[in-house]
Structures are given as structure tokens and as C-alpha cells.
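Q: This is the structure I want to talk about, given as C-alpha cells.
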Amino acid sequence: MEANKVVTPAEIFGEYVFNDTVMGAYLTKATHKALKKTIEAGLPIDSSIADEIASAMKNWAIEKGATHFTHWFMPMTGLTAEKHDAFISPTDDGKVVLEFSGKELIKGEPDASSFPSGGLRHTAKARGYTLWDCTSPAFIKEGTLYIPTAFFSYTGEILDKKAPLLRSVEALSEQAMRVLKALGNKTSRKVIATVGPEQEYFIVNRELYEKRLDLMLTGRTLFGSKPPKGQELEDQYFTRLRLKITDFMHALDRELWKLGITARTKHNEVAPAQHELAIIFDPASMAADHNQLVMEVMKKVAKKHGLAALLHEKPFAGVNGSGKHINWSIATDDGINLLDPGMHPADNTQFFLFLVAVMKAVDEYADLLRLSIASAGNDHRLGANEAPPAIVSMFVGEELEAIIHAIESEKDYVSAGRAMTNLGVSSLPMITEDATDRNRTSPFAFTGNKFEFRMCGSSDNVAEPCFTLNTVVAESLEEIADRLEKCADVDAEAQKIIKEIIVAHKRIIFNGNNYDPAWVVEAEKRGLPNITNTVLAIEVLKDKKNIAVFEKQGVLTHVETESRYEIMLDIYAKTINVEAMTLADIVNRQLLPAAIAFSGSLAATVTSLKSAGITGGEAEALLGTVVALTNSLGKKAKLLKGIAESATVDDPLATAKTYREKVVPLLEETRAVIDELELIVPADVWPVPVYADLLFRV
């Protein structure tokens with residue numbers, strides 16, 4: 001490459017991806033065609049071509065500098081997992097040859113006993129399998145060929161988040177195609193769920209980050225008093241990027257582009273040190289893989305730049321937390337966006353059928369959607385004036401709401417038209433305004449030709465909310481298809497279905513301010529569930545209705561759903577346990593010694609003053625305050641550790657409830673004492689960086 005030559009995004013995009021272009025160059029035409037048919041039509045992979053595909057992947061990967069391959073999967077930890085094997089096989093003359101077979105491509109065998117399984121696997125029964133997901137392309141990262149896979153046990157139960165997503169994609173496509181065929185569609189072959197996640201995150205100085213054990217072990221600050229300046233001036237949002245952040249973001253973009261990830265939008269978010277990255281829509285399975293890569297690469301690139309990326313939902317109290325807005329839509333393989341209302345939505349029967357199918361699904365399975373984004377971290381964020389409340393509702397905008405009212409009342413809809421403006425400035429271009437405003441407070445908002453599911457936490461794996469949404473919408477579409485396929489007049493039946501669903505489920509529509517306390521009261525009147533924490537959310541997995549919908553749509557079996565119930569309770573309890581033990585450790589090894597040392601210096605000062613005949617005054621009062629706070633902190637830390645150590649019992653639900661009801665409040669009580677001490681103890685004595693350091697010294 002020529003010195004100082006500018007390399008454009010187009011030149012490096014997908015450089016490390018085994019994409020269609022690469023397949024065309026490395027595979028025979030027949031094999032390339034067969035593989036594309038599998039990917040596009042959802043047909044089973046032909047095992048007879050697996051060896052050729054594996055050999056082509058290996059040759060391409062080696063040319064790119066890879067020495068190993070790994071089956072990359074998504075266990076129930078919410079993270080990703082990988083076991084690396086070299087492309088080597090010994091020969092009789094003491095050397096090696098580079099090999100990679102079709103069998104190795106299609107199937108792997110990692111240990112399944114040490115991943116969360118909800119009792120499906122244990123150490124004495126450790127066998128698990130990974131199966132190649134050819135719908136998401138293989139890629140090279142750090143000298144290894146990564147092969148996206150699904151993960152399941154020897155006995156056939158799934159143990160990951162990818163397999164249910166793949167199942168849900170097929171279920172949604174099957175039921176949506178039934179509806180389309182009933183409406184007369186003869187060109188589309190399948191329906192694709194598309195997803196475009198927006199990733200919020202914080203960036204802090206790495207040296208300061210490594211001085212905060214709570215950030216390193218739990219992802220969030222377990223204590224920290226409010227800094228003199230936060231986000232109250234609203235001077236962070238969309239402002240100029242700092243030079244160090246710009247360099248980091250440029251490097252991140254390039255790494256993501258090489259992996260075929262369409263990182264497009266980046267900006268400062270509302271809170272100090274908070275930012276956002278958005279990628280363009282991908283098919284759901286690929287989007288889940290890409291978002292996991294975004295989070296992994298983000299952390300790696302930040303470290304190289306002397307920074308740390310924080311993906312916790314609430315790393316700092318008192319400033320906005322981070323979410324992951326999931327832009328979800330459904331489209332046919334021949335390019336029809338089924339959620340595009342067109343210029344005349346009131347006359348668009350197909351659009352309205354799919355809109356009300358989503359409306360019905362969100363209303364009937366609001367508890368499942370709430371569960372799909374539940375986590376200990378997200379409990380700190382939901383319901384504050386930075387994220388939607390825990391109440392699931394749907395925003396549709398003024399125009400669609402007016403059409404819905406017209407349908408319900410059987411009156412003609414009269415469009416108000418779309419205004420045009422140039423703000424009265426002749427030099428500005430004339431534009432047509434959108435049909436409706438946006439609602440940034442809604443948990444599930446229609447935004448023109450897609451829905452934005454805004455409740456997801458920043459560290460979450462998007463596969464779970466996506467497969468839940470796909471499943472419940474598939475259920476609604478199945479009921480609609482059953483009726484359309486049996487009727488004599490499809491158009492009349494479609495209009496009847498649309499009105500019936502609107503009447504039955506209009507309670508889910510709310511275009512107002514979801515932050516307003518009055519909405520909580522109104523939602524209760526409407527009968528909408530308000531599931532305020534993760535433990536309550538997990539309990540909905542026991543509901544027969546929820547077990548049944550996963551089973552009926554072939555996404556999760558009864559046993560697999562039961563296992564997820566146990567896993568989620570266990571993860572919640574362990575998360576809070578780690579926080580409690582971390583805070584106790586920091587208190588005992590850092591904060592108490594600092595507070596005691598400061599008390600000693602204050603006591604010496606008071607003694608000196610009294611020896612000189614001077615009344616202790618402020619110094620003596622301050623000493624009394626510090627001693628009282630120090631004693632209180634020691635007692636609370638001891639109590640916190642004791643309760644956390646004894647909270648685990650045989651019943652997973654009882655354990656999780658103990659952590660939620662006893663340990664979480666005590667964490668907050670302990671924090672309150674620390675935060676008060678932090679404001680008193682001098683900066684050169686306080687042993688850890690404070691909020692002002694972390695948020696502004698980037």
C-alpha cells in the first residue's frame with residue numbers, strides 16, 4: 001500500500017468476512033449456488049458440499065493470517081464463548097499439514113457442564129454440541145476464523161440464545177407468509193425479521209477505571225457522591241467530540257467495518273462521558289452476532305487507547321444510564337417492508353393487518369416482553385427519566401391513532417395532510433414534515449416503518465428480546481392467517497379482523513408522556529402490568545400462557561423454558577452477591593482505613609488545639625461526624641457481607657427474593673454512608689477516583 005494513501009470504508013468493509021463475494025471467489029459455482037440457496041431459502045445444508053466449503057474457508061482464512069478456528073456461540077451467560085483449534089494435523093514424517101473438514105465446520109463439541117443450564121446439564125453429563133449457523137457469515141478476528149453457531153446439549157435441549165432466535169425467525173416467516181398468501185402475494189418466498197440496535201455506552205480513563213474495583217468487577221460504581229456538575233446544563237448531548245474520543249471512535253469504526261458491521265452513526269449522549277453507536281439493519285441472527293461483536297471490539301479498542309468502555313445499564317448514579325434501542329421490522333425477501341404504511345396508510349390493508357398483529361402481541365404478551373429485557377442492571381435504569389418505565393405500552397403517533405379511532409368508530413378518516421416549511425427563511429429548502437412526532441419516552445414506539453423497542457439494557461444480548469418479539473408476533477399472525485384462509489371474502493374478513501383487534505387491544509396504545517406519574521395510575525386502570533423488578537419479571541415464565549406460546553411456535557420446549565427460569569434467577573442472585581461482596585471488600589480494605597486515618601489526623605488536630613487552649617470547634621464537630629459515619633459504615637459492611645453469604649438456599653426463587661428484598665436495600669444504605677463520607681474526607685486521603693474524575697478526566 002502506498003505511503004499516506006487514504007483507505008476508504010468501502011475498501012476495507014468486510015475485509016475479514018467470508019461473505020458472498022469471497023464465497024464466489026473460493027467456491028465452485030455449484031457449491032456457491034447450493035450454499036446461497038440454503039442461506040436464502042432456509043433449506044438444510046447439503047453435507048456433500050461441506051468439505052469444499054470448509055476447505056475454502058480454511059484457505060481464505062490462512063491467506064488472511066489465521067492459524068486457528070473456533071465455533072463461536074452464545075451461552076446463557078449473555079456473553080459469547082469460543083474454543084480455539086489450530087488448522088494442523090500431524091503427518092508420519094513428524095510435520096503437520098493444515099486441514100479443516102466439513103465435519104469440523106458443521107459440528108463442534110464444547111464442554112456443556114460449566115455453562116448455565118438450569119439443571120439440564122451437570123458435570124457427570126458434560127457433552128454439548130455446536131452447529132454451524134450459515135445464515136450469519138464466518139469472520140476472522142485476531143488470527144482466528146470465527147464460525148457462528150447454535151449451542152445445545154447431548155440430550156437435544158438448547159443451551160443458548162442463538163437457537164431460539166433462529167427458531168423464532170422461521171416461525172415468524174411461516175405465519176407471515178400465510179397472511180401474505182391469503183392476501184394474494186405470489187412473489188415473496190419468506191419474511192425476514194430485521195434488527196438495527198443502537199448501543200449506548202460510557203468511556204472513562206483506563207488508569208482511573210483500574211483504581212475502582214467496583215467498576216472492574218461489577219461494571220458499575222457501587223458508591224460515589226454527585227459531582228458539582230452533571231448533565232443538568234444539557235451541554236453534552238450531540239456536542240463536539242473530544243479529540244481522544246474521536247480517535248477512539250475512528251479506530252472502532254474501522255475495526256467494525258473490517259468485520260462487515262455497518263457502524264454508521266456516532267455521537268455524544270446526554271450524560272458526561274456517554275456516547276452512542278448505531279448500526280444499519282441486518283437480519284435478526286446476523287444483528288445479534290454483530291451487536292455482540294460491537295461490544296467486544298469496543299472494549300478492546302478502548303483499552304488500546306488508554307480508555308475503558310462501560311456497558312452497564314447504570315454505571316453512575318445521578319446521571320442517565322445506557323440502553324440499547326432495538327429497531328425491529330419485518331420485510332419480505334423481495335423487498336416489501338410489511339411495516340411501511342405508505343403515503344395512504346388508511347387504505348393499506350396489508351400494513352394495518354401487520355400493525356394490529358404487533359399491537360395484539362404486545363398487549364397479550366407484555367409480561368414476556370418485559371421479561372426479555374430484565375436484568376439486575378436494567379432495574380437501575382427502567383422507570384427513571386432516562387428510560388421507559390417498566391410498563392409496556394405502544395406509541396403509534398397522531399396519524400395512525402386517528403386512523404385507528406376512525407376504524408373503531410366506523411367513520412371515514414380525513415387526512416390532515418402533511419405540512420411543508422422552510423421556517424420562513426427563503427434561503428432554506430422547503431421540506432415536508434413527517435406525519436407524526438417521535439416519543440422518546442415510549443418503551444415500544446412506531447417510528448415510520450419499524451418499531452423501536454427501547455427497554456433493552458446496554459449490556460444485554462439482543463437475541464433474547466428479538467426472539468421473544470418474533471415469537472409473540474408469529475402467534476398473532478397465525479391466528480389472523482387461520483381466519484383469512486377459511487373465509488370467502490378475504491378483504492372483508494381482513495377489515496373485520498383489524499377492527500376486532502383494535503377494539504380488544506387499544507388499551508396498549510399510549511402516545512403521551514410515559515415519564516408522567518399519572519401514566520402509572522392510568523396504566524393500572526387499563527389493566528396493563530407494571531412489573532417493577534427482575535425477580536417479578538422472571539416469575540412470568542411460569543405462566544401457562546407464556547410457556548404455551550413458546551411451545552406452540554416451536555421456539556422453546558417446556559423443559560427449555562423451565563431451565564431459563566432457573567438460570568435467570570441464578571444469574572440475578574449471583575450478580576447481586578458479587579456486588580455485595582465487592583462493596584464489603586472495598587469498604588474493609590480501602591474506605592475504612594482511609595476514614596480511620598483521617599479520624600486520627602483530626603483527633604491529633606483537636607488535641608493540639610486544646611493543648612494550646614483553643615476550643616475544638618469545627619474540627620471537633622467534624623471529628624464526631626467522621627467517627628459516627630465510620631462506625632456506621634463498618635457495621636453496615638459487616639451486615640451486608642453476612643446477609644449476602646447466607647442468602648443462598650435450595651429454592652432459586654427464595655434466594656433471588658432475599659437478594660432483591662434484603663441485600664439490594666442494604667447496598668443502597670451502605671452507599672449512602674460512603675457518599676456522605678466521600679464529601680468530608682480530603683481528596684488526597686480518599687483512596688479511589690470520584691465521579692468528577694471518572695466523568696470528566698477522559
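For the C-alpha cells, the naming scheme is as follows: chains receive sequential letters (A, B, ...) according to their order of presentation, residues are indexed from 1 within each chain, and ligands are indexed from 1 in presentation order.
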Each residue of region 547-608 of chain A with at least one atom at most 12 Å from region 455-470 of chain A should appear once, together with its nearest atom pair and the corresponding distance in Å (one decimal); atoms considered: only C-alpha atoms; ordering: chain, then increasing residue number; output as CSV.
A:
residue,atom,partner,partner_atom,distance
A:Ile547,CA,A:Thr468,CA,11.7
A:Val549,CA,A:Thr468,CA,9.8
A:Phe550,CA,A:Thr468,CA,8.5
A:Gln553,CA,A:Asn470,CA,9.8
A:Gly554,CA,A:Phe467,CA,11.4
A:Val555,CA,A:Phe467,CA,8.1
A:Leu556,CA,A:Phe467,CA,10.1
A:Thr561,CA,A:Thr468,CA,12.0
A:Arg564,CA,A:Glu464,CA,11.1
Q: Excluding Asn268 (chain A) and its own-chain neighbours fewer than 2 positions away, which residues fall within 6 Å of it when counting only C-alpha atoms? Please give them as a list in words.
A: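 Non-adjacent residues within range: Tyr237, Phe238 and His275 of chain A.
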Q: Between A:Leu35, A:Pro593, A:Ala656, A:Ala251, which residue has the minimum interatomic distance to Val685 (chain A), considering only C-alpha atoms?
A: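 Closest residue, counting only C-alpha atoms: A:Pro593.
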Q: Which residues of region 277-370 of chain A come within 10 Å of region 216-223 of chain A, and for each one, what is the closest pair of atoms and their distance in Å to one decimal, counting only C-alpha atoms, sorted by chain and residue number, as CSV?
A:
residue,atom,partner,partner_atom,distance
A:Ala308,CA,A:Met216,CA,9.7
A:Ala309,CA,A:Gly219,CA,9.6
A:Leu310,CA,A:Gly219,CA,6.5
A:Leu311,CA,A:Gly219,CA,7.2
A:His312,CA,A:Gly219,CA,5.5
A:Glu313,CA,A:Arg220,CA,8.3
A:Lys314,CA,A:Arg220,CA,6.4
A:Pro315,CA,A:Arg220,CA,3.9
A:Phe316,CA,A:Thr221,CA,5.9
A:Ala317,CA,A:Thr221,CA,7.8
Q: Taking only C-alpha atoms into account, name the residue in A:Leu653, A:Ala612, A:Leu583, A:Ala193 that is nearest to Glu668 (chain A).
A: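 Selected residue with least distance to Glu668 (chain A): A:Leu583.
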Q: Taking only C-alpha atoms into account, produce a table as a tab-separated table in which each residue of region 96-195 of chain A with an atom at most 12 Å from an atom of region 348-370 of chain A appears once, together with its shortest atom pair and the distance in Å to one decimal, ordered by chain and rising number.
A:
residue	atom	partner	partner_atom	distance
A:Leu172	CA	A:Ala357	CA	11.5
A:Gln175	CA	A:Ala357	CA	11.0
A:Ala176	CA	A:Phe354	CA	8.5
A:Met177	CA	A:Phe354	CA	11.4
A:Val179	CA	A:Leu353	CA	8.8
A:Leu180	CA	A:Gln350	CA	8.0
A:Lys181	CA	A:Gln350	CA	11.1
A:Ala182	CA	A:Gln350	CA	10.5
A:Leu183	CA	A:Gln350	CA	7.6
A:Gly184	CA	A:Gln350	CA	10.3
A:Asn185	CA	A:Gln350	CA	10.3
Q: Restricting it to N, CA and C atoms, dump the selection as a PDB file, in the first residue's frame.
A:
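The new file again-v5.pdb reads:
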ATOM      1  N   LEU A 172     -41.833 -16.839  12.617  1.00  0.00           N
ATOM      2  CA  LEU A 172     -42.385 -15.573  12.149  1.00  0.00           C
ATOM      3  C   LEU A 172     -42.568 -15.592  10.636  1.00  0.00           C
ATOM      4  N   GLN A 175     -45.664 -17.851   9.540  1.00  0.00           N
ATOM      5  CA  GLN A 175     -47.000 -17.288   9.782  1.00  0.00           C
ATOM      6  C   GLN A 175     -47.233 -16.021   8.961  1.00  0.00           C
ATOM      7  N   ALA A 176     -46.193 -15.209   8.793  1.00  0.00           N
ATOM      8  CA  ALA A 176     -46.339 -14.001   7.974  1.00  0.00           C
ATOM      9  C   ALA A 176     -46.610 -14.363   6.520  1.00  0.00           C
ATOM     10  N   MET A 177     -45.955 -15.410   6.028  1.00  0.00           N
ATOM     11  CA  MET A 177     -46.183 -15.837   4.646  1.00  0.00           C
ATOM     12  C   MET A 177     -47.604 -16.356   4.450  1.00  0.00           C
ATOM     13  N   VAL A 179     -50.231 -15.197   5.939  1.00  0.00           N
ATOM     14  CA  VAL A 179     -51.062 -13.996   5.816  1.00  0.00           C
ATOM     15  C   VAL A 179     -50.891 -13.375   4.431  1.00  0.00           C
ATOM     16  N   LEU A 180     -49.649 -13.260   3.973  1.00  0.00           N
ATOM     17  CA  LEU A 180     -49.388 -12.643   2.668  1.00  0.00           C
ATOM     18  C   LEU A 180     -50.027 -13.433   1.531  1.00  0.00           C
ATOM     19  N   LYS A 181     -49.920 -14.755   1.593  1.00  0.00           N
ATOM     20  CA  LYS A 181     -50.526 -15.587   0.540  1.00  0.00           C
ATOM     21  C   LYS A 181     -52.047 -15.442   0.542  1.00  0.00           C
ATOM     22  N   ALA A 182     -52.628 -15.358   1.724  1.00  0.00           N
ATOM     23  CA  ALA A 182     -54.080 -15.168   1.808  1.00  0.00           C
ATOM     24  C   ALA A 182     -54.496 -13.841   1.202  1.00  0.00           C
ATOM     25  N   LEU A 183     -53.582 -12.846   1.292  1.00  0.00           N
ATOM     26  CA  LEU A 183     -53.866 -11.526   0.722  1.00  0.00           C
ATOM     27  C   LEU A 183     -53.552 -11.465  -0.775  1.00  0.00           C
ATOM     28  N   GLY A 184     -53.033 -12.565  -1.328  1.00  0.00           N
ATOM     29  CA  GLY A 184     -52.789 -12.608  -2.766  1.00  0.00           C
ATOM     30  C   GLY A 184     -51.351 -12.431  -3.194  1.00  0.00           C
ATOM     31  N   ASN A 185     -50.415 -12.377  -2.246  1.00  0.00           N
ATOM     32  CA  ASN A 185     -48.997 -12.243  -2.597  1.00  0.00           C
ATOM     33  C   ASN A 185     -48.497 -13.547  -3.221  1.00  0.00           C
TER      34      ASN A 185
END
